[in-house]
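See structure below.
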Amino acid sequence: MRLNNTSKYIIIFLGIFFLINMSLVNAAVIGANKGVLSYRNVLKNGYAQELVTLTTDTDFDLSITYKIEGEVEDWIRLEPPEQPFFISKDKPYTVAVIIEPPADAQNQEYKGAVRFITGALAGPGGQFGTAVRAAINLRLGAEITGQEIIECSASGFQIDDVEEGYPLEFYAVVSNKGNVRLTPEFTMEFWNQDQSELVETFQFSADKSILPTTQERVFHSIEHNLDIGQYWVRISTPTCGAGSTGFITVSVIERGGVSDKGDLIRIDAETWVKVGDIVPIDAIFKNLGSRVVSAKFKGTITSGDEIFKIIDTDILDVVPGETVSLRTFFNPVQEGQYIIQGRVLYNKKLTFEKSSVINVNPSGKAPVTAQVFNWSTVLIILIIIIIILIILILRKRKKDRHRRYSHKSRVKF
């Protein structure tokens with residue numbers, strides 16, 4: 001059947017339209033950082049959430065709507081709830097998929113899904129609609145329980161230096177890993193500069209509660225009567241257990257004063273040396289503050305309970321942002337292992353303590369350790385050798401049978 005010109009033009013137009021649609025659909029690819037949303041041990045009338053980040057490879061804004069399906073349809077909501085929302089290659093979008101089961105929910109597992117669907121494609125030349133849409137389906141599972149679970153962790157403790165007369169500002173990051181709301185409690189012990197005396201103890205609760213499965217940065221303002229000086233603070237979180245502790249330093253400075261900050265990065269020394277060597281020891285210090293500080297390294301060199309040297313280096317001026325080496329020397333006169341421990345004193349403040357180890361022996365080299373036989377490795381090697389031998393024997397027998405068969409065939413013929 002022959003086509004007239006009009007039919008040809010219609011077919012060409014439909015083909016071009018189909019290709020345009022296919023290219024737009026191919027461009028509208030969306031992805032998510034999670035394929036399955038799993039909610040475990042969710043309390044009745046409780047709360048749990050999962051964060052989902054949606055991405056695309058399009059250069060233009062792509063509108064997204066969502067649909068909730070399954071047994072948990074009435075318990076799920078998204079935050080923020082607005083739809084459609086827009087994503088592009090440079091603008092991913094994160095939503096919280098929240099489940100809030102009712103008080104009369106049965107203790108069992110439930111299934112559902114959250115489906116994200118593309119809408120109109122906003123191309124460089126304006127809006128273009130297509131009946132074909134891309135979508136991504138996230139499977140969802142929820143386990144409902146009637147048992148309360150309290151579990152959390154705290155970290156990221158921070159107290160900034162403060163001028164005399166102003167309250168201390170305390171920050172921490174708390175993760176609620178249980179299924180009930182938590183208002184974590186904190187205990188802070190303030191010790192003097194050389195950590196020989198407990199000066200003050202503060203106990204308080206966070207200023208807000210934290211929902212299950214969420215992480216929050218908490219803040220608390222603390223009124224105090226601490227004198228001007230540097231303090232070491234031990235922080236514990238009884239609500240979250242022994243694993244959520246911290247140790248930081250903070251200073252109370254005079255009004256209008258400048259807060260100096262510095263860090264003892266490490267202590268450098270040779271690991272293995274000979275008796276009688278003169279060993280350089282370098283304390284690497286960095287000035288993190290905004291003015292010049294006068295710094296020196298103070299510490300000890302010990303072996304067991306015996307102190308072999310008290311370290312107190314010369315003072316060195318360090319400009320802001322500069323990293324310097326505060327050097328001292330050690331001349332060991334007997335074999336053994338020596339521990340170097342110390343801090344840097346800068347403008348009447350101390351850094352955290354660091355340590356290093358020096359081993360002294362006649363050769364100045366690490367001893368060659370005796371090789372320990374790994375019997376499991378030996379056994380594996382033996383098994384491999386046996387397998388290879390069996391294979392060789394089988395091949396030889398096969399060749400012998402082949403030769404005998406070939407010989408009999410020639411004789412018979």
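Just so we're on the same page: first chain in the structure tokens is A, next is B, and so on; residues restart at 1 for each chain, and ligands are numbered from 1 in the order they show up.
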Quiz item: Do you know which residues are at most 9 Å from A:Val292 counting only C-alpha atoms, after dropping those on the same chain fewer than 6 positions away, and could you put them as a ChimeraX atom specification?
Solution: /A:260,317-320
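Using only C-alpha atoms, the smallest distance between any of A:Thr201, A:Asn287, A:Thr323, A:Asn359 and A:Thr302 comes from A:Asn359.
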Self-check item: Spatial neighbours of A:Glu164, max dist 12 Å, only C-alpha atoms, sep filter under 2 positions, as a ChimeraX atom specification
Solution: /A:161-162,166-168,223-230,251-259
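Once A:Pro81 and its same-chain neighbours fewer than 5 positions away are set aside, Tyr66, Val95, Ala96 and Val97 of chain A remain within 10 Å of it when counting only C-alpha atoms.
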Can you write just those residues out, all heavy atoms, as an mmCIF file, in the first residue's frame?
```cif
data_model
loop_
_atom_site.group_PDB
_atom_site.id
_atom_site.type_symbol
_atom_site.label_atom_id
_atom_site.label_comp_id
_atom_site.auth_asym_id
_atom_site.auth_seq_id
_atom_site.Cartn_x
_atom_site.Cartn_y
_atom_site.Cartn_z
ATOM 1 N N TYR A 66 3.821 12.784 45.763
ATOM 2 C CA TYR A 66 3.984 11.489 46.415
ATOM 3 C C TYR A 66 2.626 10.898 46.760
ATOM 4 O O TYR A 66 1.617 11.594 46.884
ATOM 5 C CB TYR A 66 4.856 11.589 47.668
ATOM 6 C CG TYR A 66 4.339 12.549 48.715
ATOM 7 C CD1 TYR A 66 3.386 12.159 49.656
ATOM 8 C CD2 TYR A 66 4.822 13.856 48.780
ATOM 9 C CE1 TYR A 66 2.919 13.033 50.618
ATOM 10 C CE2 TYR A 66 4.365 14.741 49.745
ATOM 11 C CZ TYR A 66 3.416 14.324 50.657
ATOM 12 O OH TYR A 66 2.948 15.195 51.606
ATOM 13 N N VAL A 95 13.172 14.778 52.695
ATOM 14 C CA VAL A 95 11.912 14.771 53.426
ATOM 15 C C VAL A 95 12.009 13.759 54.559
ATOM 16 O O VAL A 95 12.742 12.769 54.466
ATOM 17 C CB VAL A 95 10.713 14.409 52.522
ATOM 18 C CG1 VAL A 95 10.463 15.501 51.509
ATOM 19 C CG2 VAL A 95 10.923 13.061 51.838
ATOM 20 N N ALA A 96 11.274 14.011 55.617
ATOM 21 C CA ALA A 96 11.159 13.064 56.727
ATOM 22 C C ALA A 96 9.879 12.268 56.533
ATOM 23 O O ALA A 96 8.790 12.844 56.462
ATOM 24 C CB ALA A 96 11.134 13.799 58.055
ATOM 25 N N VAL A 97 10.013 10.952 56.416
ATOM 26 C CA VAL A 97 8.847 10.068 56.315
ATOM 27 C C VAL A 97 8.536 9.591 57.738
ATOM 28 O O VAL A 97 9.290 8.808 58.321
ATOM 29 C CB VAL A 97 9.113 8.885 55.375
ATOM 30 C CG1 VAL A 97 7.870 8.015 55.253
ATOM 31 C CG2 VAL A 97 9.548 9.380 53.997
#
```
Self-check item: Which of stretch 297-390 of chain A DSSP labels helix (DSSP H, G or I), written as a ChimeraX atom specification
Solution: /A:375-390
Exercise. Could you tell me, as a VMD selection string, which residues of stretch 37-95 of chain A DSSP assigns to strand (DSSP E) when given the backbone?
Key: chain A and resid 37 to 43 48 to 56 62 to 70 76 to 79 85 to 87 93 to 95
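You will find atom CA of A:Asp312 at 7.0 Å from atom CA of A:Lys296.
Atom pair atom CA of A:Lys365 / atom CA of A:Val273 has a distance of 6.7 Å (rounded to one decimal).
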Practice problem: May I have the residues within 9 Å of stretch 342-353 of chain A as a VMD selection string, using only C-alpha atoms and disregarding those fewer than 3 positions away in the same chain? | Solution: chain A and resid 193 to 194 229 to 230 248 to 249 251 260 to 264 267 283 285 293 to 301 311 315 326
Quiz item: Hey, which of A:Asp277, A:Glu216, A:Asp59, A:Asp314 ends up closest to A:Val174? Count only C-alpha atoms.
Solution: A:Glu216
